[in-house]
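Q: Here's a structure for you.
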Amino acid sequence: MDNVPHLFDDRAWQQCLVSFLDDVSRQESHTRLVDYRTILRQFLLGRDPASISRDTVELFCSSDTVHGKPDYHTSNRRLKAIRSFYDFAISNGCFAGPNPAREPEKPKVPLLFNNQDWQACLTAWLEQLRSDETRSSYTNVIVHFFIDPDRCPDTYTRQEVERFIHAANASKQHNHGEPVKPSPATINARKAILSSFFEYSAGYQVVGPDKRLHALLQTPSPVKGIKQERVEPAHRLLSDRDLVALFAAIPLNTPAGIRDRAMFTAYLMLGRRNRELRLRWQDIEPHDFTTRDGVSYRGYRYRYLAKGKGQKWQYAELPLEIYEQITWYLIATGRENIQPDEGVFIPLAGSKQPLSSKSIRQILKAYCRAANVDPCVCVHSFRHANAQWRYRCGQGIMEICKALGHSHVGITHRYIAEVIEENDTGAPALAARLGPLLNR
């Protein structure tokens, strides 16, 4: 493509830059292409791309512009451009090292205790958690509470736990650097995580000085007796007007818009949780279905890793409308030859991995702002809307419970409570059916 700056004497790196910008030009807007090209020219000119460190990237992203100190959005744009370029270089075999624009991977189990038994207990507790996301959030809380490696958890008091779970965190990027008071939901989450660890340690067996097995925690849990905070219900409802406005804000003439319309239509019609639709192409396959009347028809199904203990693979029907939207999205982005292990909904440049839950949330927030829809709407709102529309279409609560994968109907009832009419809508139908039978 034209207007590619000559930044490298190494032919392989220069060709990688050309290919990357060409990829961006096909999948992103012209404004994004110019932005990436400008940032990469400023950052890479005169540098050896193979020896750039994380510190170099951070220094560049925070360095002053002609207008002064960069704001958060400017720093983030710089970081995103560099990260995308190195992701592309890694995926195309031009670079074999770690991406200097990404945070280094943290150890799965941090070293928090010098006591071997407590460290082993921490490792076992984290390993039995059901998902990587849960493990990450639990680890974050534990690391901030147990800050003294020479101190064992059984020496902490209830007062220390209460002080920690109610503590405000200093914000560097938001709230002008002032401490941010934790919400009731955050307080309850911190309490639940610490409670889970202490309860696990009370059942964790270690060999004592008498050569017998004993519970590691032999004192009362310091979390015991701390009351839950009252939490206001989160806004998870999408009205018909919200849905119309939200989908109207998604453009139909850009690769990102085509991808996002297919992705959010899938979330709405399938009712899956955020991380349950991290589809790869191999997760979608043709399948023969049979109706209740015994009629067979050819369609598609998809598999997903169901949330919950065991995380078992589940299969569900993929409506033809969703399959056609996914197919059109792949054609529009030049991915007709998608490989089985590639993600379906992926970033528009660089990685072939499925979009992360965080990225999907950010994309939805941007559309909510554009559509003037309540910013508290989240990806889970589509799941609630799916349940309510199933009920409106006449599906019974037990069928909805099974379709959504709820463990019991009480959860499903909370989803559809707002659309259940107070009047006994079944009474007239029941009278019409039983009346002739009883009046014979």
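By convention here, the chains of the structure tokens are called A, B, ... in the order presented, each chain's residues are numbered starting at 1, and ligands are numbered starting at 1 in the order presented.
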Pick out the residues sitting within 12 Å of segment 19-34 of chain A, and hand them over as a ChimeraX atom specification; count only C-alpha atoms, and ignore anything fewer than 2 positions along from it in its own chain.

A: /A:1-5,12-17,36-41,77-78,80-92,94,253-259,329-335,346-351

Q: In segment 240-419 of chain A, what's strand (DSSP E) per DSSP? Answer as a PyMOL selection string?

A: chain A and resi 284-290+296-305+313-318

Q: Could you tell me which of A:Leu364, A:Ile187, A:Ala167, A:Ile411 comes closest to Phe264 of chain A if we count only C-alpha atoms?

A: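 Under the stated criterion, the closest residue is A:Leu364.
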
Q: Tell me which protein, DNA and RNA residues are within 7 Å of segment 146-153 of chain A, counting only C-alpha atoms, leaving out same-chain ones fewer than 5 positions away, and put them as a list in words.

A: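 The residues that qualify are Leu112, Phe113 and Asn114 of chain A.
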
Q: Considering only C-alpha atoms, state which residue in the set A:Phe247, A:Phe289, A:Phe145, A:Tyr315 is at the smallest distance from Val373 of chain A.

A: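 The closest residue to Val373 of chain A is A:Phe247.
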
Q: Find the spatial neighbours of Leu268 of chain A, counting only C-alpha atoms, within a cut-off of 7 Å - ignore same-chain residues fewer than 4 positions away - and output them as a PyMOL selection string.

A: chain A and resi 264+382-383+385-386

Q: Could you pull the residues within 9 Å of Leu79 of chain A, counting only C-alpha atoms, minus those fewer than 5 positions along the same chain, as a ChimeraX atom specification?

A: /A:57-58,60-61,74,84,101-102

Q: From a DSSP pass on the backbone, collect the residues of segment 24-82 of chain A flagged as helix (DSSP H, G or I) and hand them back as an MDAnalysis selection string.

A: chainID A and resid 24:27 30:44 49:51 54:62 72:82

Q: From the list A:Ala432, A:Met269, A:Ala417, A:Leu305, which residue is nearest Arg390 of chain A when using only C-alpha atoms?

A: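 Smallest separation from Arg390 of chain A among the options: A:Met269.
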
Q: Ranking A:Ser137, A:Gln395, A:Asn169, A:Gln325 by minimum distance to Asp260 of chain A and counting only C-alpha atoms, which one comes first?

A: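 Closest to Asp260 of chain A, using only C-alpha atoms: A:Gln325.
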